[in-house]
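Reading through the structure tokens given below for one structure.
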Amino acid sequence: MFFIIKLFTIFFLSFFCQSLMSSSQIVHFTYNGFRPPPTDISIQGIATITPKGLLMLTNTTVQSTGHAFFTKPIRFKDSPSGTVSSFTTTFVLAIHSQLPLVGTHGMAFVVAPSPSLPFASPLQYLGLFNVSNNGKDSNHVFAVEFDTIMNIEFNETDNNHVGIDINSLNSVKTSPAGYWNEKADQFNNLTLISSKRMQVWIDYDCHTNRIDVTMAPFKKNKPRTPLVSIVRDLSSVLLQDMYVGFSSATGNIVSEHFVLGWSFRVNGEAQPLALSKLPELPVLDSKPTRVKSFYRNWVPLISVMLISLLLIIFLVRFIVRRRIKFAEELEDWETEFEKNRLKFKDLYYATKGFKDKNLLGSGGFGRVYRGLMPKTKKDIAVKRVSNESRQGLKEFVAEIVSIGQMSHRNLVPLLGYCRRRDELLLVYDYMPNGSLDKYLYNSPEVTLDWKQRFKVINGVASALFYLHEEWEQVVIHRDVKASNVLLDAELNGRLGDFGLAQLCDHGSDPQTTHIVGTWGYLAPDHIRTGRATTSTDVFAFGVLLLEVACGRRPIEINHVSGERVVLVDWVFGFWMEGNILNATDQNLGSEYNQGEIEMVLKLGLLCSHADPLARPTMRHVLQYLRGDSTLPELSPVDLRGSGIMLGTNHGFNESGMFTTGSSVAYSVLSSGR
């Protein structure tokens with residue numbers, strides 16, 4: 001009885017082991033030629049095995065495919081969800097084109113879920129995929145292509161390359177066909193359609209997921225440095241059991257693809273091929289002498305002539321397009337400003353073609369880009385503004401050039417201008433810390449403390465005093481606001497953007513009566529009369545003082561009632577209640593000089609008084625801020641007329657710019673700054 005049980009156990013274990021090995025026992029094979037025709041190699045399409053033992057994937061049939069697969073499944077994984085085992089393969093190939101020097105479609109080593117690819121297309125699809133399934137993960141195909149035509153649709157860069165393909169003919173990595181010498185310091189090209197025998201090694205390491213493809217001339221040792229190498233886990237690509245083989249295709253110009261020998265192994269190195277035992281290639285040079293002579297003598301000459309003609313056309317087109325691209329307008333009146341005019345080509349290269357990655361800001365005024373001047377290596381900011389109206393252009397440029405001559409530590413230097421087609425470019429020094437507004441509103445990432453803010457408003461006050469009284473002419477900025485106050489590397493406040501500035505002589509008033517500026521900073525007297533004065537700049541500076549102290553915009557929308565809240569009125573309301581310090585920006589915390597901030601809030605209300613005669617000059621403002629003079633004792637009753645009268649929003653566009661009138665600056669800048 002015991003003997004029977006033991007015999008049954010041995011039989012069961014033997015049967016069980018056989019069943020486990022049925023799909024995984026084939027882990028390596030070697031073919032030193034294919035004669036007699038192996039029974040475990042399946043041939044499909046136009047592929048055949050010649051009497052001499054060559055695996056011939058294609059013949060002279062046009063637009064056809066040829067496949068050859070090892071018929072038994074190879075187990076690449078221990079389980080369906082496991083990792084792919086290491087594998088290596090080596091083979092010798094040769095490709096012969098019917099037309100010398102003319103590439104044809106190539107061939108590929110392939111690992112596929114089936115021993116046939118019945119729906120694959122010829123031509124550029126190499127018998128691997130078709131137009132509908134190329135690129136789909138459901139293919140579960142890994143291949144190494146040897147392609148001799150450049151297909152732009154697959155992003156190929158030359159017509160003699162080796163590529164690693166995963167579910168797609170858009171190779172994950174390619175290289176020109178060739179090999180590296182022993183020192184890996186010299187690359188030697190191999191021409192795939194040369195009809196010469198070449199050996200290929202493909203290795204996959206399951207531990208590093210490294211895929212190496214190496215080539216060498218026939219009978220040359222395997223180079224140490226692979227031709228193509230990537231790290232890619234094939235576990236999601238290959239199934240548990242897969243089939244290995246070759247695929248090839250022809251187009252309208254046919255070629256013959258040969259495999260002379262093939263060795264493959266899972267979990268180990270493929271057995272070396274016995275190169276001396278491989279079959280010889282047939283005599284492949286079968287073209288008529290006249291045809292060969294034509295190709296030998298005329299094709300190179302015609303090719304050189306065509307290439308030369310194409311190069312000439314390309315160069316002419318490049319030069320013409322370049323001249324159009326960098327064309328500028330230069331009228332007679334601009335000769336006097338020539339030293340202040342910059343070249344558009346320099347600004348284009350400085351901003352790397354005005355790319356979005358160099359964009360500093362944008363709005364109704366235009367777009368501002370950061371740049372680096374090619375020759376001087378100076379950081380600049382370039383503002384591109386519309387130039388749709390030519391009226392007053394000469395006067396505007398004259399004012400811009402004149403303003404560019406100013407020099408003050410709290411002004412952003414205007415380096416020059418450039419005029420081109422329908423736009424004007426103003427070039428400023430680049431301020432690395434950006435504009436003041438981004439440090440005030442909407443829970444900024446970086447908050448300035450009170451000392452820093454007080455330093456900024458002192459700097460802006462000093463700049464406005466310089467513009468109003470110290471320079472050779474009176475400069476009315478007309479657009480004082482937080483976004484036009486820029487911070488340099490030391491966080492000094494610098495007043496910039498003179499696109500709306502207006503000049504007049506000391507002791508005289510500007511003659512224009514058109515409203516320009518930004519809603520929320522416009523003085524009531526400016527809205528009524530259209531006249532901009534130094535007093536209207538003081539009004540805008542008063543609003544700026546309140547912005548800095550309160551961390552709020554000049555006009556905000558109450559999210560509950562939907563009504564507009566004017567900053568001047570909001571601060572005035574706190575003062576009326578006797579607690580003006582409650583208007584202080586909460587982001588300042590409690591570490592600030594209460595006396596200074598109370599003075600700044602009251603000074604802001606005084607500067608933004610509705611009556612221009614009640615506003616102080618910038619000389620007095622600067623004295624109050626520096627502590628040289630004491631702010632007069634004020635009460636809410638004294639400033640009851642403070643604030644701007646909103647009325648309606650008629651006449652203002654979405655960017656907050658007043659759109660009535662056509663002053664010199666505004667006509668040039670069109671829709672505003």
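Please note that chains go A, B, ... in the order of the structure tokens, that every chain numbers its residues from 1, and that ligands are numbered from 1 in the order shown.
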
For this session: Apply DSSP to the backbone of this structure and, from segment 134-333 of chain A, keep only the residues in helix (DSSP H, G or I); write these as number ranges by chain.
Result: A: 137-139, 152-154, 275-277, 289-297, 299-325, 332-333

Problem set entry | Distance query Trp471 of chain A at most 10 Å, only C-alpha atoms, self and fewer than 4 positions along chain excluded, as a VMD selection string | chain A and resid 403 406 to 408 465 to 467 475 506

For this session: Could you tell me how far atom CA of Asp628 of chain A lies from atom CA of Leu606 of chain A, in Å and to one decimal?
Result: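 Result for atom CA of Asp628 of chain A versus atom CA of Leu606 of chain A: 17.6 Å, one decimal.
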
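Near Cys418 of chain A, within 7 Å and counting only C-alpha atoms, sit Arg341, Leu342, Lys343, Phe344, Leu424, Leu425 and Leu426 of chain A, not including residues fewer than 6 positions from it in the same chain.
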
Problem set entry | For atom CA of Leu622 of chain A and atom CA of Val427 of chain A, the interatomic separation in Å (one decimal) |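 We find that atom CA of Leu622 of chain A and atom CA of Val427 of chain A lie 28.9 Å from each other.
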
Exercise. Atom CA of Cys607 of chain A and atom CA of Ser483 of chain A are how many Å apart?
Worked result: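 Atom CA of Ser483 of chain A lies at a distance of 19.2 Å from atom CA of Cys607 of chain A.
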
For this session: Using only C-alpha atoms, determine which residues lie at most 7 Å from segment 567-578 of chain A, disregarding the query and same-chain residues fewer than 4 positions distant; provide the list as a VMD selection string.
Result: chain A and resid 543 553 to 555 582 to 583 605 636 643

Same residues, N, CA and C atoms, output as a compact mmCIF listing (two decimals), in the first residue's frame:
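Output file result_21.txt follows:
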# COMPACT_ATOMS: atom_id res chain seq x y z
N VAL A 543 -3.65 109.26 -1.91
CA VAL A 543 -4.29 107.94 -1.99
C VAL A 543 -3.24 106.85 -1.80
N ARG A 553 -6.87 98.60 -1.70
CA ARG A 553 -6.91 99.29 -2.98
C ARG A 553 -7.69 100.60 -2.84
N PRO A 554 -7.48 101.54 -3.77
CA PRO A 554 -8.22 102.81 -3.70
C PRO A 554 -9.72 102.62 -3.76
N ILE A 555 -10.17 101.65 -4.53
CA ILE A 555 -11.60 101.34 -4.63
C ILE A 555 -11.75 99.84 -4.57
N ASN A 582 -7.48 102.16 13.54
CA ASN A 582 -8.14 100.91 13.18
C ASN A 582 -8.10 100.66 11.67
N ALA A 583 -7.74 101.68 10.89
CA ALA A 583 -7.61 101.52 9.45
C ALA A 583 -6.27 100.93 9.05
N LEU A 605 -5.16 111.83 4.01
CA LEU A 605 -6.46 112.47 3.87
C LEU A 605 -6.30 113.94 3.48
N PRO A 636 -11.54 115.88 11.91
CA PRO A 636 -12.39 115.47 10.78
C PRO A 636 -13.20 116.62 10.21
N GLY A 643 -12.02 113.51 0.06
CA GLY A 643 -12.58 112.36 -0.66
C GLY A 643 -12.90 112.72 -2.09

For this session: Write out as a ChimeraX atom specification which residues come within 8 Å of segment 89-97 of chain A when counting only C-alpha atoms, dropping same-chain ones fewer than 3 positions away.
Result: /A:100,102-104,192-203,218,253-265,269-270,272-273,284

Problem set entry | Minimum-distance residue to Asn209 of chain A, chosen among A:Leu55, A:Ser86, A:Leu613, A:Ala532 (using only C-alpha atoms) |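 With only C-alpha atoms as the atom set, the closest residue is A:Ser86.
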
Exercise. If you count only C-alpha atoms, which residues fall within 12 Å of Ser79 of chain A, apart from same-chain ones fewer than 3 positions away, as a ChimeraX atom specification?
Worked result: /A:24,75-76,82-85,235,238-241

Within 12 Å of segment 29-43 of chain A: each segment 108-161 of chain A residue with its shortest pair, only C-alpha atoms, as a Markdown table:
| residue | atom | partner | partner_atom | distance |
| --- | --- | --- | --- | --- |
| A:Ser114 | CA | A:Ser42 | CA | 11.5 |
| A:Pro115 | CA | A:Ser42 | CA | 7.7 |
| A:Ser116 | CA | A:Ser42 | CA | 8.6 |
| A:Leu117 | CA | A:Ile43 | CA | 11.3 |

Keeping C-alpha atoms for every residue in the selection just given, could you write it to a file as a PDB file, in the first residue's frame?
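Saved to selection_2.pdb:
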ATOM      1  CA  SER A 114       0.944  37.241 -30.419  1.00  0.00           C
ATOM      2  CA  PRO A 115       3.131  35.346 -32.927  1.00  0.00           C
ATOM      3  CA  SER A 116       1.527  37.337 -35.733  1.00  0.00           C
ATOM      4  CA  LEU A 117       0.696  40.959 -36.496  1.00  0.00           C
TER       5      LEU A 117
END

For this session: Name the residues in contact with Gly178 of chain A at a cut-off of 8 Å, using only C-alpha atoms, excluding same-chain residues fewer than 3 positions from it; report them as an MDAnalysis selection string.
Result: chainID A and resid 187:191 215:216 227
